[in-house]
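Shown next: input-v2.cif, given as mmCIF, C-alpha atoms.
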```cif
data_work
loop_
_atom_site.label_atom_id
_atom_site.label_comp_id
_atom_site.auth_asym_id
_atom_site.auth_seq_id
_atom_site.Cartn_x
_atom_site.Cartn_y
_atom_site.Cartn_z
CA MET A 1 28.09 136.71 131.58
CA LYS A 2 31.47 135.18 130.90
CA LYS A 3 33.75 133.90 133.65
CA ILE A 4 37.34 135.11 133.86
CA ILE A 5 40.49 133.71 135.43
CA GLY A 6 43.06 135.67 137.48
CA ILE A 7 46.71 135.79 136.45
CA ILE A 8 48.94 137.12 139.22
CA THR A 9 46.16 136.80 141.79
CA LEU A 10 45.60 133.05 141.33
CA MET A 11 48.02 131.93 144.05
CA ALA A 12 46.61 134.51 146.45
CA LEU A 13 43.10 133.20 145.83
CA ILE A 14 44.21 129.65 146.56
CA SER A 15 46.17 130.45 149.73
CA GLY A 16 43.82 133.15 151.10
CA GLN A 17 46.46 135.84 151.53
CA SER A 18 47.37 139.17 150.02
CA ASN A 19 50.47 139.26 147.81
CA HIS A 20 52.59 142.19 146.59
CA ALA A 21 50.33 144.82 148.14
CA THR A 22 51.37 148.30 149.26
CA MET A 23 50.12 149.19 152.75
CA THR A 24 50.08 152.65 154.31
CA MET A 25 49.51 152.25 158.04
CA TYR A 26 48.17 155.04 160.27
CA LYS A 27 48.27 155.47 164.04
CA ASP A 28 44.48 155.72 164.17
CA GLY A 29 44.10 151.92 163.97
CA PHE A 30 43.60 151.48 160.23
CA ALA A 31 45.51 151.15 156.97
CA LEU A 32 45.20 152.01 153.30
CA ILE A 33 45.86 148.93 151.15
CA LYS A 34 46.67 148.99 147.46
CA GLN A 35 46.38 145.45 146.04
CA PRO A 36 47.64 144.87 142.45
CA VAL A 37 45.29 142.71 140.35
CA ALA A 38 45.28 141.32 136.79
CA TRP A 39 42.82 139.23 134.79
CA ASN A 40 42.62 137.65 131.35
CA MET A 41 39.58 139.13 129.67
CA GLN A 42 37.41 138.06 126.77
CA PRO A 43 35.64 140.57 124.51
CA GLY A 44 32.45 141.96 125.97
CA GLU A 45 31.30 142.55 129.52
CA ALA A 46 32.46 140.32 132.40
CA SER A 47 31.74 139.80 136.09
CA ILE A 48 34.63 139.25 138.50
CA SER A 49 34.83 138.70 142.26
CA TRP A 50 37.42 139.13 145.01
CA ASP A 51 37.15 137.74 148.54
CA ILE A 52 40.66 138.25 149.97
CA LEU A 53 39.53 140.96 152.38
CA PRO A 54 40.31 141.64 156.05
CA SER A 55 37.47 141.45 158.58
CA GLY A 56 37.98 145.14 159.44
CA LEU A 57 37.20 146.33 155.90
CA ILE A 58 35.66 149.82 155.94
CA LYS A 59 32.61 149.11 153.81
CA ASP A 60 32.37 152.32 151.82
CA SER A 61 36.08 152.54 151.00
CA PRO A 62 36.90 149.89 148.31
CA PHE A 63 37.34 150.98 144.70
CA LEU A 64 38.97 149.34 141.68
CA THR A 65 41.21 151.22 139.23
CA LEU A 66 41.99 149.47 135.94
CA ASP A 67 44.46 150.51 133.25
CA ASN A 68 42.50 149.27 130.22
CA ALA A 69 38.95 148.53 131.37
CA THR A 70 35.94 150.36 132.73
CA VAL A 71 34.31 149.46 136.05
CA ASN A 72 30.55 149.76 135.57
CA MET A 73 29.34 148.67 139.01
CA GLN A 74 30.69 147.36 142.30
CA ARG A 75 28.85 145.21 144.87
CA LEU A 76 29.94 144.25 148.39
CA ASN A 77 28.23 141.06 149.55
CA GLN A 78 28.50 140.36 153.29
CA ASP A 79 25.83 137.66 153.52
CA VAL A 80 28.32 135.11 154.84
CA PHE A 81 27.36 131.84 156.45
CA HIS A 82 26.62 131.95 160.20
CA PHE A 83 24.83 128.88 161.51
CA ALA A 84 23.15 130.88 164.30
CA ASP A 85 21.54 133.10 161.65
CA ARG A 86 20.65 130.17 159.38
CA LEU A 87 18.60 128.57 162.16
CA TYR A 88 15.72 130.82 161.07
CA ASP A 89 15.67 128.87 157.79
CA PHE A 90 14.78 125.70 159.73
CA LEU A 91 11.74 127.08 161.57
CA GLY A 92 8.91 124.56 161.29
CA GLN A 93 11.30 121.67 160.53
CA THR A 94 12.39 118.75 162.67
CA VAL A 95 15.77 119.16 164.40
CA ASP A 96 17.85 117.13 166.86
CA ILE A 97 19.20 119.00 169.91
CA LYS A 98 21.87 117.59 172.24
CA LEU A 99 22.26 119.32 175.60
CA ILE A 100 25.59 119.45 177.42
CA ASN A 101 25.91 116.41 179.71
CA ASP A 102 22.45 115.24 178.66
CA LYS A 103 20.78 113.14 175.98
CA ALA A 104 19.64 114.28 172.55
CA MET A 105 15.98 115.03 171.78
CA THR A 106 13.99 115.60 168.62
CA GLY A 107 11.28 118.17 167.94
CA THR A 108 9.98 120.87 165.63
CA LEU A 109 11.90 124.15 165.75
CA VAL A 110 9.30 126.80 166.58
CA GLU A 111 11.33 129.77 167.91
CA VAL A 112 14.80 131.30 167.56
CA ALA A 113 14.98 134.46 169.69
CA GLY A 114 18.21 135.92 171.12
CA ASN A 115 19.80 133.26 173.31
CA THR A 116 16.65 131.12 173.36
CA ILE A 117 15.71 128.16 171.13
CA THR A 118 12.31 126.48 171.46
CA ILE A 119 11.13 123.11 170.08
CA GLN A 120 7.67 121.51 169.99
CA ARG A 121 7.59 117.85 171.00
CA ARG A 122 4.67 115.46 170.91
CA ARG A 123 3.35 116.43 174.35
CA SER A 124 5.34 119.50 175.39
CA VAL A 125 7.07 122.70 174.35
CA ILE A 126 10.67 123.03 175.56
CA SER A 127 12.78 126.21 175.53
CA PHE A 128 16.59 126.13 175.90
CA ASN A 129 19.31 128.67 176.54
CA ARG A 130 21.92 128.38 173.79
CA ASN A 131 24.68 128.09 176.39
CA ARG A 132 23.22 124.70 177.42
CA ILE A 133 23.29 123.25 173.90
CA ASP A 134 26.10 120.92 172.80
CA TYR A 135 25.00 120.64 169.15
CA ILE A 136 22.01 121.03 166.82
CA ASN A 137 21.40 118.66 163.93
CA ALA A 138 19.24 120.20 161.17
CA PRO A 139 18.04 118.43 158.01
CA GLY A 140 19.11 119.06 154.40
CA LEU A 141 22.14 120.50 152.63
CA LEU A 142 23.25 124.12 152.49
CA GLU A 143 23.02 125.77 149.09
CA ASN A 144 24.52 128.98 147.69
CA VAL A 145 26.68 129.41 150.78
CA MET A 146 29.17 132.29 150.89
CA TYR A 147 31.87 131.80 153.50
CA LYS A 148 33.63 135.19 153.23
CA PRO A 149 32.58 138.71 152.25
CA SER A 150 33.33 139.42 148.60
CA LEU A 151 33.49 142.28 146.13
CA THR A 152 31.99 141.82 142.68
CA TRP A 153 32.46 144.12 139.70
CA ASN A 154 30.80 144.54 136.34
CA ILE A 155 33.64 145.35 133.93
CA SER A 156 33.90 146.33 130.27
CA PRO A 157 37.40 145.80 128.77
CA ASN A 158 38.67 148.59 126.55
CA LYS A 159 40.68 146.09 124.48
CA LYS A 160 39.55 143.00 122.66
CA LEU A 161 42.38 140.82 123.98
CA GLY A 162 45.07 140.79 126.62
CA PRO A 163 45.18 141.07 130.40
CA VAL A 164 43.47 143.82 132.36
CA ARG A 165 45.62 145.20 135.14
CA GLY A 166 45.01 147.61 137.97
CA ASN A 167 44.70 148.05 141.71
CA LEU A 168 42.09 147.33 144.33
CA ILE A 169 42.31 150.12 146.93
CA TYR A 170 40.53 150.02 150.28
CA LEU A 171 40.74 151.05 153.93
CA SER A 172 40.61 148.57 156.79
CA LYS A 173 40.64 148.69 160.57
CA GLY A 174 42.81 146.25 162.51
CA PHE A 175 46.21 147.78 161.73
CA ASP A 176 48.29 150.05 163.93
CA TRP A 177 51.83 151.15 164.69
CA ASP A 178 53.69 152.98 167.44
CA ALA A 179 57.13 154.48 167.71
CA ILE A 180 59.39 152.87 170.30
CA TYR A 181 62.62 154.56 171.35
CA ARG A 182 65.48 153.14 173.38
CA LEU A 183 68.07 155.41 175.02
CA ILE A 184 71.11 153.45 176.25
CA LEU A 185 73.05 155.69 178.64
CA ASP A 186 76.84 155.42 178.89
CA GLU A 187 78.44 154.43 182.17
CA SER A 188 80.17 157.84 182.22
CA GLY A 189 76.86 159.66 181.81
CA ASN A 190 78.19 161.87 179.01
CA GLY A 191 76.31 160.38 176.06
CA ALA A 192 73.92 157.69 174.89
CA GLU A 193 72.96 155.47 171.98
CA PHE A 194 69.56 156.47 170.56
CA LEU A 195 67.48 153.83 168.79
CA ALA A 196 64.25 154.73 166.96
CA GLU A 197 62.01 151.80 166.02
CA ALA A 198 58.48 151.12 164.83
CA TYR A 199 56.25 148.53 166.51
CA ILE A 200 53.83 147.38 163.79
CA LYS A 201 50.64 145.37 164.47
CA ASN A 202 48.45 143.40 162.08
CA ASN A 203 45.41 142.59 164.23
CA SER A 204 43.39 141.48 161.20
CA ASN A 205 42.63 137.96 159.96
CA LEU A 206 44.55 138.44 156.68
CA ASP A 207 48.15 137.48 155.90
CA PHE A 208 50.24 139.83 153.75
CA GLU A 209 53.17 138.43 151.76
CA ASN A 210 55.75 140.65 150.03
CA VAL A 211 54.03 143.79 151.27
CA SER A 212 55.61 147.24 150.82
CA LEU A 213 54.93 149.02 154.09
CA GLN A 214 54.64 152.75 154.79
CA LEU A 215 53.91 154.37 158.15
CA VAL A 216 52.19 157.74 158.59
CA GLU A 217 52.72 159.92 161.67
CA GLY A 218 49.85 162.23 162.53
CA ASN A 219 46.23 161.78 163.54
CA LEU A 220 43.56 162.10 160.86
CA LYS A 221 40.17 163.61 161.60
CA GLN A 222 37.50 160.92 161.71
CA ASN A 223 33.83 161.80 161.55
CA GLY A 224 31.74 158.64 161.67
CA HIS A 225 33.72 157.04 158.85
CA MET A 226 37.46 157.03 158.24
CA ASN A 227 38.11 160.14 156.16
CA VAL A 228 41.32 160.20 154.13
CA PRO A 229 42.21 163.37 152.21
CA PRO A 230 42.91 162.79 148.48
CA LEU A 231 46.58 163.45 149.12
CA MET A 232 46.66 160.34 151.30
CA MET A 233 46.10 158.22 148.21
CA LYS A 234 49.57 159.18 146.99
CA THR A 235 51.75 156.09 146.57
CA MET A 236 55.45 156.38 147.25
CA ASN A 237 58.00 154.79 144.96
CA SER A 238 58.52 151.08 145.58
CA PRO A 239 61.23 150.54 148.21
CA GLN A 240 64.50 148.91 147.24
CA GLU A 241 65.52 145.61 148.76
CA ASN A 242 67.53 146.01 152.01
CA ALA A 243 67.26 149.82 151.76
CA GLU A 244 67.24 152.10 154.79
CA PRO A 245 63.80 153.36 155.86
CA GLN A 246 63.03 156.74 154.25
CA GLU A 247 61.15 159.64 155.86
CA ASP A 248 59.25 162.09 153.67
CA GLN A 249 56.46 164.68 153.79
CA LEU A 250 52.88 163.65 152.99
CA GLY A 251 50.98 166.92 153.02
CA ASP A 252 50.79 167.92 156.68
CA TYR A 253 51.90 164.46 157.80
CA HIS A 254 55.16 162.52 157.79
CA ILE A 255 55.48 159.16 156.05
CA TYR A 256 58.14 156.53 156.77
CA GLN A 257 58.79 154.10 153.95
CA LEU A 258 60.40 150.85 155.11
CA GLY A 259 63.08 149.36 152.91
CA GLY A 260 62.36 146.11 151.07
CA LYS A 261 59.29 143.90 151.13
CA ILE A 262 58.21 141.96 154.19
CA GLY A 263 55.71 139.37 155.33
CA LEU A 264 53.11 140.51 157.87
CA MET A 265 50.88 137.70 159.04
CA GLY A 266 47.48 138.04 160.66
CA GLU A 267 47.59 138.58 164.45
CA GLU A 268 51.34 139.28 164.17
CA SER A 269 53.49 142.20 165.28
CA ILE A 270 56.96 143.15 164.09
CA THR A 271 59.56 145.70 165.20
CA THR A 272 61.82 147.47 162.70
CA ARG A 273 64.17 150.47 162.67
CA LEU A 274 62.88 153.91 161.70
CA TYR A 275 66.38 155.40 161.66
CA SER A 276 69.86 153.97 162.01
CA SER A 277 71.40 154.09 165.49
CA LYS A 278 72.38 157.63 166.59
CA ARG A 279 75.02 158.74 169.07
CA VAL A 280 73.53 161.64 171.07
CA SER A 281 74.30 163.87 174.00
CA PHE A 282 71.76 165.02 176.56
CA GLN A 283 71.25 167.36 179.49
CA LYS A 284 70.34 165.70 182.75
CA THR A 285 68.49 167.65 185.44
CA TYR A 286 66.47 166.88 188.54
CA LEU A 287 62.93 168.25 188.68
CA PHE A 288 61.01 169.46 191.74
CA GLU A 289 57.58 170.87 190.81
CA ASN A 290 54.98 172.24 193.22
CA ASP A 291 52.20 174.81 193.57
CA GLU A 292 51.11 177.36 196.16
CA ARG A 293 50.20 175.64 199.46
CA SER A 294 51.48 172.12 198.76
CA GLN A 295 53.90 170.67 201.31
CA ARG A 296 55.91 167.55 200.57
CA GLU A 297 59.18 165.72 201.04
CA GLU A 298 60.16 163.35 198.24
CA PRO A 299 62.91 162.25 195.83
CA LEU A 300 63.28 164.48 192.78
CA ALA A 301 62.26 163.37 189.29
CA ILE A 302 65.11 162.55 186.88
CA GLU A 303 64.77 164.47 183.62
CA TYR A 304 66.68 164.08 180.35
CA GLN A 305 66.55 166.63 177.53
CA ILE A 306 67.73 165.63 174.03
CA ALA A 307 68.13 168.34 171.38
CA ASN A 308 66.74 167.18 168.03
CA ILE A 309 69.36 168.98 165.95
CA LYS A 310 72.03 167.94 163.43
CA ASN A 311 74.84 168.90 165.82
CA ASN A 312 73.46 166.19 168.10
CA ASN A 313 73.37 163.60 165.24
CA LEU A 314 69.59 164.00 164.98
CA GLY A 315 67.68 166.76 163.18
CA VAL A 316 64.97 164.33 162.08
CA SER A 317 61.22 164.13 162.66
CA LEU A 318 60.52 161.96 165.72
CA PRO A 319 56.98 160.51 165.92
CA GLN A 320 55.08 160.34 169.20
CA GLY A 321 55.86 157.17 171.10
CA LYS A 322 57.21 155.36 174.13
CA ILE A 323 60.85 155.71 175.15
CA GLN A 324 62.69 153.18 177.31
CA LEU A 325 65.88 154.11 179.15
CA TYR A 326 68.73 151.69 179.84
CA GLN A 327 71.96 152.19 181.77
CA THR A 328 75.30 150.57 180.94
CA GLY A 329 76.93 149.23 184.12
CA ASN A 330 80.55 148.78 185.20
CA GLN A 331 80.87 145.38 183.51
CA GLY A 332 79.08 146.40 180.32
CA ASN A 333 75.72 145.06 181.46
CA ILE A 334 72.63 146.93 180.31
CA GLU A 335 69.89 147.50 182.89
CA PHE A 336 66.42 149.05 182.51
CA VAL A 337 66.15 152.38 184.40
CA GLY A 338 62.86 153.94 183.35
CA GLU A 339 60.23 154.65 180.72
CA ASP A 340 58.27 157.64 179.48
CA GLU A 341 56.15 158.92 176.57
CA ILE A 342 57.32 161.65 174.22
CA ARG A 343 55.14 163.76 171.95
CA GLN A 344 55.99 164.43 168.32
CA VAL A 345 59.39 166.14 168.27
CA PRO A 346 59.94 168.27 165.12
CA LYS A 347 63.41 169.09 163.82
CA GLY A 348 65.05 171.69 166.02
CA ALA A 349 62.87 170.95 169.09
CA THR A 350 63.87 169.20 172.32
CA ALA A 351 62.60 165.88 173.64
CA THR A 352 62.04 165.84 177.40
CA ILE A 353 62.03 162.49 179.21
CA VAL A 354 61.29 161.77 182.87
CA SER A 355 62.62 158.34 183.80
CA GLY A 356 61.75 158.07 187.50
CA ARG A 357 62.87 159.48 190.85
CA ALA A 358 66.40 159.79 192.24
CA PHE A 359 67.35 157.90 195.39
CA ASP A 360 70.09 160.36 196.34
CA VAL A 361 68.42 163.72 195.59
CA MET A 362 65.68 164.79 198.00
CA GLY A 363 63.42 167.83 198.03
CA LYS A 364 61.44 169.27 200.94
CA ARG A 365 58.87 172.05 200.50
CA THR A 366 57.42 173.86 203.50
CA VAL A 367 54.82 176.63 203.72
CA LEU A 368 56.31 178.86 206.40
CA ASN A 369 53.42 181.30 206.49
CA TYR A 370 50.03 181.64 204.83
CA ASP A 371 47.65 184.55 205.29
CA ARG A 372 44.40 184.97 203.38
CA GLN A 373 42.30 188.13 203.67
CA ARG A 374 39.05 189.14 201.99
CA LYS A 375 40.85 190.73 199.02
CA SER A 376 44.36 189.34 199.26
CA GLU A 377 46.46 186.25 199.86
CA GLU A 378 50.10 185.89 200.87
CA GLY A 379 52.33 182.84 201.34
CA THR A 380 55.98 182.35 202.29
CA ILE A 381 57.63 179.21 200.94
CA SER A 382 60.85 177.38 201.83
CA ILE A 383 62.28 174.70 199.51
CA GLU A 384 65.36 172.64 200.37
CA VAL A 385 67.14 170.26 197.98
CA ILE A 386 69.76 167.84 199.31
CA ASN A 387 72.27 166.16 196.97
CA THR A 388 74.09 163.12 198.42
CA LEU A 389 75.64 162.18 195.06
CA ALA A 390 79.41 162.43 194.52
CA SER A 391 78.93 164.90 191.65
CA GLU A 392 77.39 168.31 191.03
CA ILE A 393 73.81 168.27 189.71
CA LYS A 394 71.47 170.72 187.97
CA ILE A 395 67.99 171.34 189.39
CA ARG A 396 64.81 172.63 187.75
CA MET A 397 62.70 173.95 190.60
CA ILE A 398 59.27 174.87 189.22
CA GLU A 399 56.62 176.72 191.22
CA HIS A 400 53.04 177.30 190.05
CA ILE A 401 51.16 180.36 191.34
CA TYR A 402 47.68 181.08 190.01
CA GLY A 403 45.86 184.38 189.68
CA ASP A 404 47.24 187.96 189.75
CA TRP A 405 50.46 187.60 191.73
CA VAL A 406 53.86 189.10 192.50
CA VAL A 407 56.95 187.48 194.06
CA ARG A 408 58.91 189.22 196.81
CA ASP A 409 62.07 188.51 198.79
CA ALA A 410 63.26 185.60 196.64
CA SER A 411 66.58 184.22 197.92
CA ALA A 412 67.63 183.03 194.44
CA ASN A 413 67.18 184.28 190.92
CA TYR A 414 64.10 183.00 189.11
CA ARG A 415 62.55 183.23 185.63
CA LYS A 416 58.89 183.82 184.92
CA LYS A 417 58.00 181.10 182.43
CA ASP A 418 54.33 181.99 181.93
CA ALA A 419 51.36 183.56 183.76
CA SER A 420 51.31 180.80 186.39
CA THR A 421 54.88 179.45 186.48
CA ILE A 422 58.24 180.54 187.86
CA HIS A 423 61.46 178.58 187.48
CA PHE A 424 64.50 178.55 189.81
CA PRO A 425 67.52 177.06 187.95
CA LEU A 426 70.01 175.72 190.50
CA SER A 427 73.34 173.89 190.58
CA ILE A 428 74.07 171.95 193.77
CA PRO A 429 77.59 170.64 194.50
CA ALA A 430 78.40 167.05 195.44
CA ASN A 431 77.17 166.16 198.93
CA GLY A 432 75.66 169.61 199.24
CA SER A 433 72.30 171.29 199.66
CA GLN A 434 70.54 174.56 198.93
CA THR A 435 67.48 176.26 200.37
CA VAL A 436 65.33 178.72 198.42
CA THR A 437 62.75 180.96 200.06
CA TYR A 438 60.31 183.42 198.54
CA THR A 439 56.98 185.14 199.26
CA TYR A 440 54.13 185.46 196.80
CA ARG A 441 51.23 187.89 197.14
CA LYS A 442 47.89 187.96 195.28
CA GLU A 443 45.27 190.72 195.34
CA TRP A 444 41.80 191.01 193.83
CA ASN A 445 38.87 193.40 193.89
#
```
What would you get if you wrote out this structure as structure tokens?
Amino acid sequence: MKKIIGIITLMALISGQSNHATMTMYKDGFALIKQPVAWNMQPGEASISWDILPSGLIKDSPFLTLDNATVNMQRLNQDVFHFADRLYDFLGQTVDIKLINDKAMTGTLVEVAGNTITIQRRRSVISFNRNRIDYINAPGLLENVMYKPSLTWNISPNKKLGPVRGNLIYLSKGFDWDAIYRLILDESGNGAEFLAEAYIKNNSNLDFENVSLQLVEGNLKQNGHMNVPPLMMKTMNSPQENAEPQEDQLGDYHIYQLGGKIGLMGEESITTRLYSSKRVSFQKTYLFENDERSQREEPLAIEYQIANIKNNNLGVSLPQGKIQLYQTGNQGNIEFVGEDEIRQVPKGATATIVSGRAFDVMGKRTVLNYDRQRKSEEGTISIEVINTLASEIKIRMIEHIYGDWVVRDASANYRKKDASTIHFPLSIPANGSQTVTYTYRKEWN
């Protein structure tokens, strides 16, 4: 078979890195990589190889598409050199073994089993734990050694002359991304700057130069192997240099195409914008949530709700991710004031963030009376909220009652949210307080 020489892949082969690839990265810890390739071909059949592969390669995923050639067969060879495995080749031969903090000794290698190595000396048999060995000196030279896994193809060119071009497409573990949001609250408390970013991780051993990167939001079903629907093989148009990231539909998923080409080295992470900075408004409330017989006295949780609508300068698809909250102080300083996780927030929905607990807003819940009979249960609850802030605040007081229940004698209006939840919406003036009481009753047969 005739040997062939790469054209645009030659520098990548020399430097051991991917060049000009398109990578689609998923949140499930893997990526789809489309690597452009080209070779000068001679008439007839040829054998070619490629060993620029990440260690997390999903073995049954690689395939080669060529514009003007036919791929007859593909082989994946993973018989790479590992000295620990090659020790079996030296069974019955003389080796030198040097122990840590001890002298070297010579003998015939008679056993290699797990963490144990055994040699036969003239008058004894000695067995060592590998952790005690400094080095092993074995005779001879290594032949036909393969240092990295490689793909080999049997190819038939469709043309007599000219380069053959195409793409090597494969899936690999070792890649991941997360959405990171930053909400910088104004000193006045009336608005905030909203930053949406992507934290991208290349945990593989392979460097990527001039890579076009796409991020997919949504979890794919995995059943033993990584399963990617055919639609996932769709390749977006190449991004323009210095262009804004673009968000688009990919079947039932969302895909974010980053502008321009970047370098993404092995064991490296980068952070980049998903959207340009947005000026948003929010609704701030204080949350006190309890159920049935619980009694407690504690600061209330601080809750922010951001409407994902165009009137709020949003109306975009927000991936699941971590959100960090910062507060602008009197002198323009920015301080960290909390962190939360948000789920995927579709257009038109509301993102709810709990940043921590308020120092100046306290809640106290007391069970005034509880009576349980053989076929009924009744409880009377008192809830007091104290606001020592110099401004009016809104409260979401949530009570969970389970079973077949009714509420009686409530001192404030409430809304039934679902079969086990009621909600008292309250407004408490500056340096004020409010107490809510109610009785619930449950009956059963």
Selected residue of minimal separation from Ala390 of chain A among A:Ile58, A:Ile119, A:Ala430, A:Val37, counting all atoms listed in the file: A:Ala430
Using all atoms listed in the file, which protein or nucleic acid residues come within 7 Å of Gln295 of chain A? Drop anything in the same chain fewer than 4 positions from it, and give the result as an MDAnalysis selection string. chainID A and resid 365:367
Using Å and a single decimal, report how far atom CA of Lys34 of chain A sits from atom CA of Thr70 of chain A. 18.3 Å
Which is closest to Ala21 of chain A among A:Thr388, A:Gln214, A:Ser376, A:Asn330, if we use only C-alpha atoms?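 Between A:Thr388, A:Gln214, A:Ser376, A:Asn330, the residue approaching Ala21 of chain A most closely is A:Gln214.
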Could you expand the PyMOL selection byres ((chain A and resi 337) around 12) into the explicit residues it covers here, written as JSON, numbers by chain? {"A": [182, 183, 184, 185, 302, 323, 324, 325, 326, 327, 328, 329, 334, 335, 336, 338, 339, 340, 354, 355, 356, 357, 358]}
Quick check, in Å to one decimal: how far apart do atom CA of Ile393 of chain A and atom CA of Ala351 of chain A lie? 19.7 Å
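Compared by their closest atoms to Lys417 of chain A, and using all atoms listed in the file, the residues A:Val436, A:Leu32, A:Met397, A:Leu389 rank with A:Met397 nearest.
Between atom CA of Ile386 of chain A and atom CA of Thr439 of chain A the separation is 21.5 Å.
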With distances taken over all atoms listed in the file, the candidate from A:Tyr438, A:Phe424, A:Trp50, A:Tyr26 nearest Asp178 of chain A is A:Tyr26
Counting all atoms listed in the file, the option among A:Lys278, A:Asp51, A:Thr285, A:Leu215 closest to Asn311 of chain A: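 Of A:Lys278, A:Asp51, A:Thr285, A:Leu215, the one nearest Asn311 of chain A is A:Lys278, counting all atoms listed in the file.
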I would like the residues chosen by the PyMOL selection byres ((chain A and resi 406-415) around 12) on the shown file; could you give them as a compact mmCIF listing (two decimals) with C-alpha atoms, keeping the file's coordinate frame?
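selection39.txt, written as the output of this step:
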```txt
# COMPACT_ATOMS: atom_id res chain seq x y z
CA GLU A 292 51.11 177.36 196.16
CA SER A 376 44.36 189.34 199.26
CA GLU A 377 46.46 186.25 199.86
CA GLU A 378 50.10 185.89 200.87
CA GLY A 379 52.33 182.84 201.34
CA THR A 380 55.98 182.35 202.29
CA ILE A 381 57.63 179.21 200.94
CA SER A 382 60.85 177.38 201.83
CA ILE A 383 62.28 174.70 199.51
CA GLU A 384 65.36 172.64 200.37
CA ARG A 396 64.81 172.63 187.75
CA MET A 397 62.70 173.95 190.60
CA ILE A 398 59.27 174.87 189.22
CA GLU A 399 56.62 176.72 191.22
CA HIS A 400 53.04 177.30 190.05
CA ILE A 401 51.16 180.36 191.34
CA TYR A 402 47.68 181.08 190.01
CA GLY A 403 45.86 184.38 189.68
CA ASP A 404 47.24 187.96 189.75
CA TRP A 405 50.46 187.60 191.73
CA LYS A 416 58.89 183.82 184.92
CA LYS A 417 58.00 181.10 182.43
CA ASP A 418 54.33 181.99 181.93
CA ALA A 419 51.36 183.56 183.76
CA SER A 420 51.31 180.80 186.39
CA THR A 421 54.88 179.45 186.48
CA ILE A 422 58.24 180.54 187.86
CA HIS A 423 61.46 178.58 187.48
CA PHE A 424 64.50 178.55 189.81
CA PRO A 425 67.52 177.06 187.95
CA LEU A 426 70.01 175.72 190.50
CA SER A 427 73.34 173.89 190.58
CA GLN A 434 70.54 174.56 198.93
CA THR A 435 67.48 176.26 200.37
CA VAL A 436 65.33 178.72 198.42
CA THR A 437 62.75 180.96 200.06
CA TYR A 438 60.31 183.42 198.54
CA THR A 439 56.98 185.14 199.26
CA TYR A 440 54.13 185.46 196.80
CA ARG A 441 51.23 187.89 197.14
CA LYS A 442 47.89 187.96 195.28
CA GLU A 443 45.27 190.72 195.34
```
Find the residues near Ile155 of chain A: any atom within 8 Å, counting all atoms listed in the file, skip ones fewer than 6 places away on the same chain, and give them as a PyMOL selection string. chain A and resi 45-48+69-73
10 Å contact set for segment 97-101 of chain A, all atoms listed in the file, chain neighbours under 5 positions out, as an MDAnalysis selection string: chainID A and resid 106:107 109 117 119 128:138
With only C-alpha atoms as the basis for distance, which of A:Asn387, A:Ser188, A:Gln35, A:Thr108 is at the shortest distance from Gly166 of chain A? A:Gln35
Answer key for the PyMOL selection byres ((chain A and resi 22) around 7), residues as a list in words: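 Taken over the shown coordinates, the PyMOL selection byres ((chain A and resi 22) around 7) returns His20, Ala21, Met23, Thr24, Ile33, Lys34, Gln35, Val211, Ser212 and Leu213 of chain A.
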Find the axis-aligned box for segment 421-428 of chain A, covering all its listed atoms and adding 3 Å on each side, and write its centre and edge lengths in Å to one decimal as JSON.
```
{"center_x": 64.5, "center_y": 176.2, "center_z": 190.1, "size_x": 25.2, "size_y": 14.6, "size_z": 13.3}
```
Selection: 8 Å around Thr352 of chain A, all atoms listed in the file, excl. self and same-chain fewer than 3 positions, as an mmCIF file with C-alpha atoms, in the frame of the given file:
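Dumped everything to part_23.cif:
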```
data_model
loop_
_atom_site.group_PDB
_atom_site.id
_atom_site.type_symbol
_atom_site.label_atom_id
_atom_site.label_comp_id
_atom_site.auth_asym_id
_atom_site.auth_seq_id
_atom_site.Cartn_x
_atom_site.Cartn_y
_atom_site.Cartn_z
ATOM 1 C CA GLU A 303 64.770 164.470 183.620
ATOM 2 C CA TYR A 304 66.680 164.080 180.350
ATOM 3 C CA GLN A 305 66.550 166.630 177.530
ATOM 4 C CA ILE A 306 67.730 165.630 174.030
ATOM 5 C CA ILE A 342 57.320 161.650 174.220
#
```
Missing atoms in segment 373-379 of chain A: can you complete it with N, CA and C atoms, as an mmCIF file, keeping the file's coordinate frame?
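Result file follows (part-v6.cif):
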```
data_model
loop_
_atom_site.group_PDB
_atom_site.id
_atom_site.type_symbol
_atom_site.label_atom_id
_atom_site.label_comp_id
_atom_site.auth_asym_id
_atom_site.auth_seq_id
_atom_site.Cartn_x
_atom_site.Cartn_y
_atom_site.Cartn_z
ATOM 1 N N GLN A 373 43.245 187.095 203.290
ATOM 2 C CA GLN A 373 42.300 188.130 203.670
ATOM 3 C C GLN A 373 41.162 188.160 202.653
ATOM 4 N N ARG A 374 40.210 189.085 202.871
ATOM 5 C CA ARG A 374 39.050 189.140 201.990
ATOM 6 C C ARG A 374 39.435 189.486 200.563
ATOM 7 N N LYS A 375 40.458 190.314 200.357
ATOM 8 C CA LYS A 375 40.850 190.730 199.020
ATOM 9 C C LYS A 375 42.331 190.478 198.717
ATOM 10 N N SER A 376 42.956 189.616 199.516
ATOM 11 C CA SER A 376 44.360 189.340 199.260
ATOM 12 C C SER A 376 44.763 187.978 199.837
ATOM 13 N N GLU A 377 45.900 187.530 199.389
ATOM 14 C CA GLU A 377 46.460 186.250 199.860
ATOM 15 C C GLU A 377 47.972 186.355 199.802
ATOM 16 N N GLU A 378 48.644 185.824 200.842
ATOM 17 C CA GLU A 378 50.100 185.890 200.870
ATOM 18 C C GLU A 378 50.647 184.601 201.470
ATOM 19 N N GLY A 379 51.711 184.052 200.847
ATOM 20 C CA GLY A 379 52.330 182.840 201.340
ATOM 21 C C GLY A 379 53.835 182.933 201.266
#
```
